[in-house]
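Everything below belongs to run.cif, which stores mmCIF, C-alpha atoms.
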```cif
data_final
loop_
_atom_site.label_atom_id
_atom_site.label_comp_id
_atom_site.auth_asym_id
_atom_site.auth_seq_id
_atom_site.Cartn_x
_atom_site.Cartn_y
_atom_site.Cartn_z
CA MET X 1422 -31.27 -51.63 41.65
CA ARG X 1423 -34.72 -50.64 40.41
CA TYR X 1424 -33.94 -47.04 41.38
CA LEU X 1425 -30.73 -47.07 39.27
CA ARG X 1426 -32.55 -48.54 36.25
CA ALA X 1427 -35.25 -45.88 36.49
CA LYS X 1428 -32.62 -43.15 36.71
CA LYS X 1429 -30.84 -44.54 33.62
CA SER X 1430 -34.09 -44.63 31.67
CA LEU X 1431 -34.86 -41.06 32.66
CA THR X 1432 -31.40 -39.93 31.54
CA LEU X 1433 -31.87 -41.67 28.20
CA ILE X 1434 -35.24 -40.00 27.73
CA ILE X 1435 -33.76 -36.58 28.52
CA VAL X 1436 -30.84 -37.10 26.15
CA ALA X 1437 -33.19 -38.33 23.42
CA ALA X 1438 -35.48 -35.36 23.96
CA ALA X 1439 -32.54 -32.97 23.85
CA LEU X 1440 -31.23 -34.53 20.65
CA SER X 1441 -34.66 -34.43 19.08
CA ALA X 1442 -35.09 -30.78 20.03
CA SER X 1443 -31.71 -29.79 18.57
CA VAL X 1444 -32.40 -31.66 15.34
CA THR X 1445 -35.78 -29.94 15.06
CA ALA X 1446 -34.15 -26.56 15.71
CA ALA X 1447 -31.46 -27.24 13.09
CA LEU X 1448 -34.08 -28.39 10.63
CA ALA X 1449 -36.17 -25.30 11.29
CA PHE X 1450 -33.13 -23.07 10.68
CA ASP X 1451 -32.30 -24.82 7.45
CA LEU X 1452 -35.86 -24.62 6.25
CA GLY X 1453 -35.96 -20.92 7.06
CA GLY X 1454 -32.71 -20.37 5.22
CA LEU X 1455 -33.86 -22.47 2.32
CA LEU X 1456 -37.08 -20.50 2.10
CA LYS X 1457 -35.15 -17.26 2.00
CA VAL X 1458 -32.70 -18.48 -0.61
CA VAL X 1459 -35.29 -20.04 -2.89
CA GLY X 1460 -37.99 -17.45 -2.14
CA ILE X 1461 -36.05 -14.24 -2.75
CA GLY X 1462 -34.10 -15.75 -5.63
CA TYR X 1463 -37.38 -16.74 -7.27
CA ILE X 1464 -39.02 -13.38 -6.54
CA VAL X 1465 -36.08 -11.48 -8.03
CA SER X 1466 -36.07 -13.63 -11.16
CA GLU X 1467 -39.84 -13.27 -11.45
CA TYR X 1468 -40.32 -9.61 -10.56
CA GLY X 1469 -36.83 -8.13 -11.01
CA GLY X 1470 -37.62 -6.69 -14.43
CA GLU X 1471 -40.79 -5.09 -13.14
CA MET X 1472 -38.98 -3.55 -10.17
CA ASP X 1473 -36.21 -2.29 -12.44
CA LYS X 1474 -38.66 -0.59 -14.79
CA ALA X 1475 -40.64 0.94 -11.89
CA ILE X 1476 -37.49 2.48 -10.41
CA ASN X 1477 -36.27 3.80 -13.76
CA LYS X 1478 -39.70 5.25 -14.56
CA ALA X 1479 -39.85 7.04 -11.20
CA LEU X 1480 -36.38 8.48 -11.77
CA ASP X 1481 -37.18 9.43 -15.35
CA GLU X 1482 -40.24 11.37 -14.21
CA ARG X 1483 -37.99 13.35 -11.88
CA GLU X 1484 -35.29 13.85 -14.52
CA ALA X 1485 -32.92 11.95 -12.27
CA LYS X 1486 -32.38 8.83 -14.33
CA ALA X 1487 -28.92 7.35 -14.31
CA MET X 1488 -27.14 7.21 -17.65
CA GLY X 1489 -26.25 3.56 -17.64
CA ALA X 1490 -27.64 0.05 -17.69
CA THR X 1491 -29.57 -1.22 -14.68
CA LYS X 1492 -30.82 -4.52 -13.31
CA VAL X 1493 -32.18 -5.98 -10.08
CA VAL X 1494 -30.26 -8.71 -8.26
CA PRO X 1495 -30.55 -10.39 -4.83
CA ILE X 1496 -28.66 -9.04 -1.80
CA ILE X 1497 -26.62 -11.69 0.00
CA SER X 1498 -25.67 -11.36 3.63
CA ILE X 1499 -22.09 -12.52 3.95
CA GLY X 1500 -22.46 -13.46 7.59
CA GLN X 1501 -25.39 -15.80 7.00
CA GLY X 1502 -24.95 -16.52 3.31
CA LEU X 1503 -28.64 -15.84 2.81
CA PHE X 1504 -30.57 -13.73 0.34
CA ILE X 1505 -31.96 -10.90 2.42
CA GLY X 1506 -33.45 -8.58 -0.17
CA ALA X 1507 -32.78 -7.15 -3.58
CA ALA X 1508 -30.91 -4.21 -5.06
CA GLN X 1509 -30.85 -2.32 -8.31
CA VAL X 1510 -27.36 -1.94 -9.72
CA VAL X 1511 -26.32 0.65 -12.29
CA GLY X 1512 -23.28 1.21 -14.44
CA VAL X 1513 -21.58 0.37 -17.71
CA PRO X 1514 -23.77 -2.18 -19.59
CA LYS X 1515 -21.12 -4.84 -20.17
CA ASP X 1516 -20.17 -4.82 -16.48
CA VAL X 1517 -23.77 -4.71 -15.22
CA LYS X 1518 -24.41 -7.90 -17.21
CA THR X 1519 -21.85 -9.77 -15.11
CA VAL X 1520 -23.36 -8.81 -11.74
CA GLN X 1521 -25.10 -11.75 -10.06
CA ALA X 1522 -25.75 -10.33 -6.60
CA VAL X 1523 -24.92 -7.56 -4.15
CA THR X 1524 -23.20 -8.61 -0.98
CA GLN X 1525 -23.99 -6.82 2.23
CA ILE X 1526 -21.16 -6.45 4.68
CA GLU X 1527 -21.72 -5.09 8.16
CA THR X 1528 -18.94 -3.18 9.88
CA ARG X 1529 -18.83 -1.43 13.21
CA PHE X 1530 -16.57 1.22 14.68
CA ASP X 1531 -17.64 2.07 18.24
CA GLU X 1532 -21.02 3.81 17.93
CA VAL X 1533 -20.86 3.93 14.15
CA ARG X 1534 -22.35 1.01 12.28
CA GLY X 1535 -21.66 0.71 8.60
CA THR X 1536 -23.20 -1.36 5.83
CA LEU X 1537 -21.31 -1.81 2.60
CA LEU X 1538 -23.01 -2.96 -0.58
CA VAL X 1539 -20.72 -4.62 -3.09
CA PRO X 1540 -21.87 -5.84 -6.54
CA VAL X 1541 -20.34 -9.26 -7.20
CA SER X 1542 -20.30 -11.71 -10.08
CA THR X 1543 -21.28 -14.75 -8.01
CA ARG X 1544 -24.24 -15.75 -5.89
CA LYS X 1545 -22.06 -17.81 -3.56
CA PRO X 1546 -19.35 -15.62 -2.08
CA GLN X 1547 -17.44 -17.94 0.23
CA SER X 1548 -15.89 -15.40 2.58
CA ARG X 1549 -15.42 -11.72 3.11
CA ASP X 1550 -11.85 -11.87 1.81
CA GLN X 1551 -12.95 -13.38 -1.47
CA ILE X 1552 -15.38 -10.60 -2.32
CA LYS X 1553 -14.31 -8.77 -5.43
CA SER X 1554 -16.40 -5.87 -6.57
CA VAL X 1555 -17.51 -5.76 -10.21
CA PRO X 1556 -15.90 -2.62 -11.66
CA ASN X 1557 -17.91 0.30 -13.09
CA VAL X 1558 -21.08 -0.76 -11.26
CA GLY X 1559 -22.76 0.74 -8.21
CA VAL X 1560 -25.95 0.35 -6.23
CA SER X 1561 -28.88 2.56 -7.13
CA ALA X 1562 -31.67 1.17 -4.95
CA VAL X 1563 -32.26 -1.21 -2.07
CA ILE X 1564 -35.46 -3.27 -2.16
CA ASP X 1565 -37.15 -4.76 0.88
CA ILE X 1566 -39.29 -7.77 -0.01
CA LYS X 1567 -42.31 -8.76 2.05
CA ALA X 1568 -43.10 -12.13 0.50
CA SER X 1569 -46.18 -12.53 2.74
CA LYS X 1570 -47.86 -9.65 0.89
CA LEU X 1571 -47.47 -11.23 -2.52
CA MET R 803 -48.78 54.24 -82.26
CA ARG R 804 -51.71 53.49 -80.04
CA HIS R 805 -51.28 49.80 -80.82
CA THR R 806 -47.59 50.02 -79.98
CA THR R 807 -48.35 51.50 -76.56
CA LYS R 808 -50.97 48.86 -75.92
CA ARG R 809 -48.54 46.09 -76.93
CA ALA R 810 -45.84 47.54 -74.67
CA ALA R 811 -48.29 47.66 -71.78
CA LEU R 812 -49.25 44.04 -72.39
CA ILE R 813 -45.59 42.98 -72.49
CA LEU R 814 -44.96 44.85 -69.24
CA LEU R 815 -47.95 43.18 -67.61
CA LEU R 816 -46.78 39.80 -68.84
CA LEU R 817 -43.28 40.40 -67.52
CA ALA R 818 -44.71 41.53 -64.17
CA ALA R 819 -46.83 38.39 -63.98
CA ILE R 820 -43.87 36.15 -64.84
CA SER R 821 -41.74 38.00 -62.31
CA ALA R 822 -44.43 37.64 -59.62
CA GLY R 823 -44.77 33.95 -60.42
CA LEU R 824 -41.04 33.45 -60.13
CA TRP R 825 -40.98 35.37 -56.86
CA ILE R 826 -43.80 33.29 -55.46
CA ALA R 827 -42.04 30.09 -56.53
CA PHE R 828 -38.80 31.31 -54.98
CA ALA R 829 -40.57 32.29 -51.77
CA GLY R 830 -42.08 28.83 -51.67
CA ASP R 831 -38.64 27.25 -51.96
CA SER R 832 -37.16 29.36 -49.20
CA GLY R 833 -40.00 28.26 -46.95
CA SER R 834 -39.33 24.57 -47.56
CA ALA R 835 -37.28 24.30 -44.38
CA ALA R 836 -39.19 21.94 -42.11
CA ALA R 837 -38.90 20.59 -38.64
CA ALA R 838 -39.91 17.11 -37.66
CA TYR R 839 -39.26 14.75 -34.83
CA ARG R 840 -38.73 11.05 -34.50
CA THR R 841 -38.50 8.53 -31.71
CA ARG R 842 -35.60 6.19 -31.28
CA VAL R 843 -34.99 3.50 -28.72
CA LEU R 844 -31.48 2.93 -27.52
CA ASP R 845 -30.81 0.18 -24.97
CA GLU R 846 -34.52 0.15 -24.07
CA ARG R 847 -34.43 3.90 -23.49
CA GLU R 848 -36.66 6.14 -25.55
CA GLU R 849 -35.21 9.31 -27.01
CA GLY R 850 -36.69 12.05 -29.15
CA GLU R 851 -34.84 13.74 -31.97
CA VAL R 852 -35.61 17.11 -33.50
CA ILE R 853 -34.82 17.04 -37.20
CA VAL R 854 -34.44 20.17 -39.32
CA ASN R 855 -33.89 19.86 -43.06
CA GLY R 856 -33.07 16.21 -42.61
CA LYS R 857 -30.44 16.75 -39.94
CA VAL R 858 -30.67 15.82 -36.27
CA ALA R 859 -30.23 19.13 -34.49
CA ILE R 860 -31.33 18.30 -30.93
CA ARG R 861 -31.57 15.04 -29.10
CA ILE R 862 -33.94 14.88 -26.11
CA ARG R 863 -32.92 12.05 -23.82
CA SER R 864 -35.33 12.23 -20.91
CA ALA R 865 -38.94 12.85 -19.98
CA ALA R 866 -39.92 15.99 -18.09
CA GLY R 867 -43.01 17.86 -17.02
CA GLY R 868 -45.21 14.88 -17.78
CA PHE R 869 -43.95 14.63 -21.36
CA SER R 870 -41.91 11.74 -22.70
CA ALA R 871 -38.65 12.42 -24.53
CA ALA R 872 -40.43 11.95 -27.88
CA GLU R 873 -43.27 14.27 -26.87
CA ARG R 874 -40.76 16.92 -25.84
CA ALA R 875 -39.03 16.60 -29.20
CA GLN R 876 -42.42 16.90 -30.89
CA ARG R 877 -43.17 20.13 -29.02
CA VAL R 878 -39.81 21.59 -30.00
CA ALA R 879 -40.41 20.63 -33.64
CA GLU R 880 -43.89 22.20 -33.53
CA ARG R 881 -42.52 25.45 -32.14
CA LEU R 882 -39.84 25.45 -34.80
CA ASP R 883 -42.34 24.78 -37.57
CA GLU R 884 -44.49 27.66 -36.39
CA ALA R 885 -41.47 29.95 -36.25
CA ILE R 886 -40.41 28.83 -39.75
CA ALA R 887 -43.90 29.56 -41.05
CA ASN R 888 -43.58 33.06 -39.57
CA GLY R 889 -40.36 33.65 -41.49
CA LEU R 890 -37.70 32.37 -39.06
CA LYS R 891 -34.15 32.99 -40.29
CA PRO R 892 -31.06 31.14 -39.02
CA ASP R 893 -29.79 34.27 -37.30
CA ASP R 894 -33.04 34.54 -35.33
CA ILE R 895 -31.95 31.50 -33.30
CA THR R 896 -30.35 32.72 -30.09
CA THR R 897 -29.67 31.54 -26.55
CA GLY R 898 -30.94 33.07 -23.33
CA THR R 899 -32.28 32.26 -19.90
CA VAL R 900 -35.87 31.22 -19.20
CA ALA R 901 -37.01 30.61 -15.61
CA GLY R 902 -33.40 30.41 -14.55
CA GLU R 903 -32.46 27.78 -17.12
CA ALA R 904 -30.33 28.10 -20.23
CA ALA R 905 -32.57 28.05 -23.29
CA VAL R 906 -32.61 28.18 -27.07
CA LEU R 907 -34.91 30.86 -28.46
CA ALA R 908 -36.44 31.60 -31.84
CA GLY R 909 -36.73 35.36 -31.56
CA ASP R 910 -38.67 35.76 -28.32
CA THR R 911 -40.13 32.27 -28.43
CA LEU R 912 -38.74 29.52 -26.25
CA LEU R 913 -37.75 26.47 -28.30
CA VAL R 914 -36.08 24.26 -25.72
CA THR R 915 -34.34 24.51 -22.37
CA ALA R 916 -30.90 22.99 -21.93
CA ASP R 917 -31.25 21.43 -18.50
CA ARG R 918 -28.54 20.10 -16.25
CA PHE R 919 -29.41 16.50 -17.00
CA HIS R 920 -28.72 16.92 -20.70
CA ALA R 921 -25.70 19.09 -20.02
CA GLN R 922 -24.19 16.45 -17.72
CA THR R 923 -24.97 13.74 -20.24
CA ASN R 924 -22.96 15.69 -22.79
CA GLY R 925 -20.20 16.55 -20.32
CA THR R 926 -20.78 20.28 -20.54
CA THR R 927 -22.67 23.14 -18.90
CA PRO R 928 -26.30 24.03 -19.68
CA ALA R 929 -25.24 27.37 -21.24
CA ARG R 930 -22.73 25.67 -23.53
CA LEU R 931 -25.20 22.97 -24.50
CA ALA R 932 -27.78 25.65 -25.37
CA ALA R 933 -25.14 27.30 -27.57
CA VAL R 934 -24.39 23.99 -29.32
CA TRP R 935 -28.07 23.28 -29.92
CA ALA R 936 -28.60 26.84 -31.22
CA ASN R 937 -25.63 26.42 -33.55
CA ASN R 938 -26.96 23.07 -34.79
CA LEU R 939 -30.33 24.68 -35.53
CA ARG R 940 -28.77 27.66 -37.34
CA ARG R 941 -26.69 25.36 -39.54
CA ALA R 942 -29.58 23.04 -40.27
CA LEU R 943 -31.88 25.96 -41.11
CA ALA R 944 -29.26 27.56 -43.36
CA GLN R 945 -28.76 24.54 -45.53
CA GLU R 946 -31.10 23.44 -48.30
CA ALA R 947 -33.57 20.72 -47.58
CA PRO R 948 -32.33 17.46 -49.09
CA ALA R 949 -34.38 15.28 -51.38
CA PRO R 950 -36.59 13.01 -49.32
CA GLU R 951 -35.37 9.51 -48.68
CA ALA R 952 -37.55 6.61 -47.69
CA VAL R 953 -37.14 7.05 -43.95
CA GLU R 954 -40.30 7.15 -41.92
CA VAL R 955 -40.51 9.83 -39.27
CA SER R 956 -43.30 11.34 -37.26
CA THR R 957 -44.11 14.81 -38.50
CA THR R 958 -44.99 17.67 -36.21
CA THR R 959 -48.66 17.02 -36.86
CA GLY R 960 -48.20 13.59 -35.44
CA GLU R 961 -48.84 11.89 -38.75
CA GLU R 962 -46.60 9.20 -40.11
CA GLY R 963 -44.77 10.78 -42.99
CA VAL R 964 -41.72 10.46 -45.15
CA ALA R 965 -38.88 12.89 -44.80
CA ALA R 966 -35.18 13.00 -45.25
CA ALA R 967 -33.40 12.04 -42.06
CA GLU R 968 -30.06 10.57 -41.23
CA SER R 969 -29.84 7.45 -39.18
CA GLU R 970 -27.22 8.03 -36.53
CA PRO R 971 -26.09 6.20 -33.45
CA ALA R 972 -26.39 8.04 -30.15
CA GLY R 973 -23.75 10.64 -29.76
CA ASN R 974 -22.61 13.55 -27.76
CA ASP R 975 -24.39 16.82 -28.51
CA SER R 976 -21.40 18.89 -27.48
CA GLY R 977 -18.88 20.33 -29.85
CA THR R 978 -19.68 21.79 -33.23
CA ALA R 979 -22.72 21.01 -35.27
CA ALA R 980 -20.52 19.01 -37.60
CA ASP R 981 -19.46 16.88 -34.65
CA THR R 982 -23.06 16.29 -33.72
CA LEU R 983 -23.92 15.06 -37.15
CA THR R 984 -21.00 12.64 -37.23
CA ALA R 985 -21.47 9.08 -36.12
CA ILE R 986 -20.14 8.57 -32.60
CA PRO R 987 -19.88 5.11 -31.04
CA SER R 988 -22.72 4.47 -28.62
CA ALA R 989 -20.25 3.36 -25.94
CA GLN R 990 -19.40 7.02 -25.42
CA TYR R 991 -22.99 7.59 -24.44
CA TYR R 992 -22.37 6.28 -20.94
CA PRO R 993 -20.54 8.28 -18.31
CA ASP R 994 -17.55 6.96 -16.45
CA TRP R 995 -18.82 4.71 -13.63
CA SER R 996 -15.46 3.79 -12.15
CA ALA R 997 -15.23 4.02 -8.38
CA GLY R 998 -12.09 6.10 -8.18
CA ALA R 999 -13.18 8.15 -5.18
CA LYS R 1000 -15.51 7.83 -2.22
CA LYS R 1001 -16.99 10.17 0.33
CA TYR R 1002 -19.74 10.37 2.95
CA VAL R 1003 -22.76 12.59 2.41
CA PRO R 1004 -26.08 13.05 4.24
CA ILE R 1005 -29.13 11.16 2.99
CA LEU R 1006 -32.09 13.47 2.39
CA SER R 1007 -35.54 11.93 2.33
CA VAL R 1008 -37.48 13.05 -0.74
CA GLY R 1009 -40.84 12.19 0.80
CA ASN R 1010 -40.27 13.99 4.08
CA ASN R 1011 -39.31 17.58 3.27
CA GLY R 1012 -35.67 16.72 2.95
CA ALA R 1013 -35.31 15.39 6.49
CA ARG R 1014 -31.92 13.83 7.12
CA VAL R 1015 -32.19 10.09 7.53
CA GLY R 1016 -28.57 9.08 7.86
CA ALA R 1017 -25.41 9.14 5.83
CA ALA R 1018 -24.30 7.33 2.71
CA GLN R 1019 -20.97 6.56 1.19
CA VAL R 1020 -21.00 7.53 -2.48
CA GLN R 1021 -18.48 6.42 -5.08
CA GLY R 1022 -17.57 7.42 -8.60
CA PRO R 1023 -14.95 9.23 -10.65
CA LYS R 1024 -13.02 11.76 -8.57
CA GLU R 1025 -14.28 14.88 -10.35
CA GLN R 1026 -17.89 13.66 -10.17
CA VAL R 1027 -17.72 12.62 -6.51
CA ALA R 1028 -16.47 16.12 -5.73
CA LYS R 1029 -19.80 17.49 -6.99
CA VAL R 1030 -21.95 15.23 -4.79
CA LYS R 1031 -23.41 17.07 -1.79
CA ALA R 1032 -26.05 14.57 -0.67
CA ALA R 1033 -27.90 11.40 -1.54
CA ALA R 1034 -31.62 11.84 -2.06
CA GLU R 1035 -33.66 8.88 -0.84
CA LEU R 1036 -36.79 8.23 -2.83
CA GLU R 1037 -39.21 5.66 -1.42
CA LEU R 1038 -41.39 3.64 -3.75
CA ALA R 1039 -43.79 0.77 -3.17
CA MET R 1040 -45.00 -1.90 -5.57
CA ARG R 1041 -47.60 -4.63 -5.48
CA GLY R 1042 -49.44 -3.43 -2.38
CA GLY R 1043 -46.28 -2.87 -0.40
CA ALA R 1044 -44.78 -6.29 -1.08
CA PHE R 1045 -41.77 -4.48 -2.56
CA ARG R 1046 -40.60 -1.36 -0.76
CA MET R 1047 -37.82 0.32 -2.68
CA LYS R 1048 -35.41 2.95 -1.47
CA VAL R 1049 -33.79 4.62 -4.43
CA TYR R 1050 -30.63 6.62 -3.81
CA ILE R 1051 -29.75 9.53 -6.07
CA PRO R 1052 -26.38 11.28 -5.65
CA ILE R 1053 -27.26 14.99 -6.06
CA ASP R 1054 -25.21 18.16 -6.34
CA SER R 1055 -27.00 20.25 -3.70
CA ILE R 1056 -28.48 20.00 -0.22
CA SER R 1057 -31.92 20.43 -1.73
CA ILE R 1058 -34.52 18.03 -2.99
CA THR R 1059 -36.70 20.52 -4.88
CA ASN R 1060 -34.82 19.66 -8.06
CA LEU R 1061 -33.02 16.35 -8.16
CA HIS R 1062 -29.87 17.19 -10.09
CA ARG R 1063 -28.23 13.81 -10.35
CA VAL R 1064 -24.46 13.57 -10.52
CA GLN R 1065 -23.95 11.00 -13.27
CA GLY R 1066 -21.42 8.23 -12.80
CA CYS R 1067 -21.87 8.16 -9.00
CA SER R 1068 -23.68 5.57 -6.91
CA VAL R 1069 -24.14 4.52 -3.31
CA ALA R 1070 -21.51 2.17 -1.89
CA GLY R 1071 -22.82 1.90 1.65
CA PHE R 1072 -24.63 3.43 4.60
CA VAL R 1073 -23.69 4.63 8.03
CA ASP R 1074 -25.86 4.56 11.14
CA ILE R 1075 -24.79 6.32 14.31
CA GLN R 1076 -26.08 4.78 17.51
CA ILE R 1077 -27.07 7.76 19.66
CA LEU R 1078 -28.45 5.84 22.63
CA LYS R 1079 -26.51 2.85 23.85
CA LEU R 1080 -28.43 0.59 26.23
#
```

Written as structure tokens, how would this file's structure read?
Amino acid sequence: MRYLRAKKSLTLIIVAAALSASVTAALAFDLGGLLKVVGIGYIVSEYGGEMDKAINKALDEREAKAMGATKVVPIISIGQGLFIGAAQVVGVPKDVKTVQAVTQIETRFDEVRGTLLVPVSTRKPQSRDQIKSVPNVGVSAVIDIKASKL
Amino acid sequence: MRHTTKRAALILLLLAAISAGLWIAFAGDSGSAAAAYRTRVLDEREEGEVIVNGKVAIRIRSAAGGFSAAERAQRVAERLDEAIANGLKPDDITTGTVAGEAAVLAGDTLLVTADRFHAQTNGTTPARLAAVWANNLRRALAQEAPAPEAVEVSTTTGEEGVAAAESEPAGNDSGTAADTLTAIPSAQYYPDWSAGAKKYVPILSVGNNGARVGAAQVQGPKEQVAKVKAAAELELAMRGGAFRMKVYIPIDSISITNLHRVQGCSVAGFVDIQILKL
């Protein structure tokens, strides 16, 4: 009888520990995601203009500037729905104004792995099928952000 | 009799003096042609304009060789002014080739090169753009200088001055001089950015002797995409490496010595080929 009670207690402890661990893991994931969303979104809004000017200046010095409007927006990974970097978009001014983000879509054909970058007018693309590219706009630069160095 | 001869001589001298004075005055008028430059900012982009006799003859839209667009326009205006002071006539303006690039010349003196960037911006070839600029200069030089209006421009000496100049929106430099001097809506300033065609090209690293670092899918209008041969990858860093930027430039050759951008094209994606599969 005592043996059965001890076994039951042990099972309860294990289940509780497992539940606690999974909750912690889920919380950690959410916090990580939240950090990325808030962090990169903030960084782009704070430093996007500076990045945009730096890129345009570098291109201007090399006589390779694009004849169009530009701006820097976050890159969203469709799979995870997270902000994973930033991109400079270029194109017709009125269309560039509507771009809110660039979505990154991974594709794979055997040994060939492809990454598509699509300028979109929302920061919350729900699914891959709903992605609609903003016309007359393309990607000019991809920006990797190391927030720890800021 | 002696008095009559003396009087005649005096009259002749007087006439000669009046004639010389008139000639000097006339010569001064013919030399009133003047070149100036001014800076304009369009959509946060600085441009330099070369103005001759109050007309915009050349529009410099980009920096080069360490000079801003305005500084380049200033140099062109200075060269023109010097040539005018040395008796430049409209017919002395010609086109030629300098260091492999189409150029506008004042006699043997280089005034300005018509590079590919400006040619593409105007939807023409460098040689044709040089011809248009030369024609604009000839026409502007041939016409009389207008009465000054209260428009502030920077003179070739860099001083703030007042000269006659038309205020125009950005336009296309192609076509006839008359076209150039006509107001053209600024919307035409931008190339077509529609993604009508796509193709894959190699990515050449600008910082690594043109080493191939993968492939990119470029997009743009069909006729522009056809010109793209590669995508140059330019790496930049900001704020101590916190931001590492890879800038992709669709170019018209497999060479990174001169980045000749194909306007209207951009990168749509990248391709990685897995060589070793574990």

For this session: Evaluate the PyMOL selection byres ((chain R and resi 1057-1071) around 8) here and jot the selected residues down as an MDAnalysis selection string.
Result: (chainID X and resid 1483:1488 1511:1512 1535:1539 1559:1561) or (chainID R and resid 918:919 922:923 993:997 1006 1008 1011:1012 1018:1023 1026:1027 1029:1030 1034 1050:1056 1072:1073)

Problem set entry | Shell of 10 Å around Arg1549 of chain X, all atoms listed in the file, local chain residues under 6 positions omitted, as a list in words | Ile1499, Gly1500, Thr1524, Gln1525 and Ile1526 of chain X

Atoms to include: C-alpha atoms. Write the selected residues as a PDB file, keeping the file's coordinate frame.
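Everything below was put into selection.pdb:
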```pdb
ATOM      1  CA  ILE X1499     -22.090 -12.520   3.950  1.00  0.00           C
ATOM      2  CA  GLY X1500     -22.460 -13.460   7.590  1.00  0.00           C
ATOM      3  CA  THR X1524     -23.200  -8.610  -0.980  1.00  0.00           C
ATOM      4  CA  GLN X1525     -23.990  -6.820   2.230  1.00  0.00           C
ATOM      5  CA  ILE X1526     -21.160  -6.450   4.680  1.00  0.00           C
TER       6      ILE X1526
END
```

Problem set entry | Residues matched by the PyMOL selection byres ((chain X and resi 1510) around 12), written as a PyMOL selection string | (chain X and resi 1469+1472-1473+1476-1477+1487+1489-1496+1507-1509+1511-1514+1516-1524+1538-1541+1555-1564) or (chain R and resi 995+1049-1050+1067-1070)

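When atom CA of Asp1565 of chain X is paired with atom CA of Pro1004 of chain R, their separation reads 21.2 Å.
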
Problem set entry | Point-to-point distance from atom CA of Asn937 of chain R to atom CA of Asp910 of chain R, Å rounded to tenths | 16.9 Å

Problem set entry | Among the residues R:Ala944, R:Ile895, R:Ala837, R:Ile862, the one that comes closest to chain X [using all atoms listed in the file] | R:Ile862

For this session: Measure the distance from atom CA of Ala1033 of chain R to atom CA of Gly1009 of chain R in Å and round it to one decimal.
Result: 13.2 Å

For this session: Carefully work through the PyMOL selection byres ((chain R and resi 841) around 10) for this structure and note down the residues it includes, as a list in words.
Result: Tyr839, Arg840, Arg842, Val843, Leu844, Glu848, Glu849, Gly850, Glu851, Val852, Arg861, Ile862, Ala871, Ala872, Glu873, Ala875, Gln876, Val955 and Ser956 of chain R

Generate a file of the selected residues that holds C-alpha atoms, formatted as a PDB file, in the coordinates of the input.
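Here's the written file again_30.pdb:
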```
ATOM      1  CA  TYR R 839     -39.260  14.750 -34.830  1.00  0.00           C
ATOM      2  CA  ARG R 840     -38.730  11.050 -34.500  1.00  0.00           C
ATOM      3  CA  ARG R 842     -35.600   6.190 -31.280  1.00  0.00           C
ATOM      4  CA  VAL R 843     -34.990   3.500 -28.720  1.00  0.00           C
ATOM      5  CA  LEU R 844     -31.480   2.930 -27.520  1.00  0.00           C
ATOM      6  CA  GLU R 848     -36.660   6.140 -25.550  1.00  0.00           C
ATOM      7  CA  GLU R 849     -35.210   9.310 -27.010  1.00  0.00           C
ATOM      8  CA  GLY R 850     -36.690  12.050 -29.150  1.00  0.00           C
ATOM      9  CA  GLU R 851     -34.840  13.740 -31.970  1.00  0.00           C
ATOM     10  CA  VAL R 852     -35.610  17.110 -33.500  1.00  0.00           C
ATOM     11  CA  ARG R 861     -31.570  15.040 -29.100  1.00  0.00           C
ATOM     12  CA  ILE R 862     -33.940  14.880 -26.110  1.00  0.00           C
ATOM     13  CA  ALA R 871     -38.650  12.420 -24.530  1.00  0.00           C
ATOM     14  CA  ALA R 872     -40.430  11.950 -27.880  1.00  0.00           C
ATOM     15  CA  GLU R 873     -43.270  14.270 -26.870  1.00  0.00           C
ATOM     16  CA  ALA R 875     -39.030  16.600 -29.200  1.00  0.00           C
ATOM     17  CA  GLN R 876     -42.420  16.900 -30.890  1.00  0.00           C
ATOM     18  CA  VAL R 955     -40.510   9.830 -39.270  1.00  0.00           C
ATOM     19  CA  SER R 956     -43.300  11.340 -37.260  1.00  0.00           C
TER      20      SER R 956
END
```
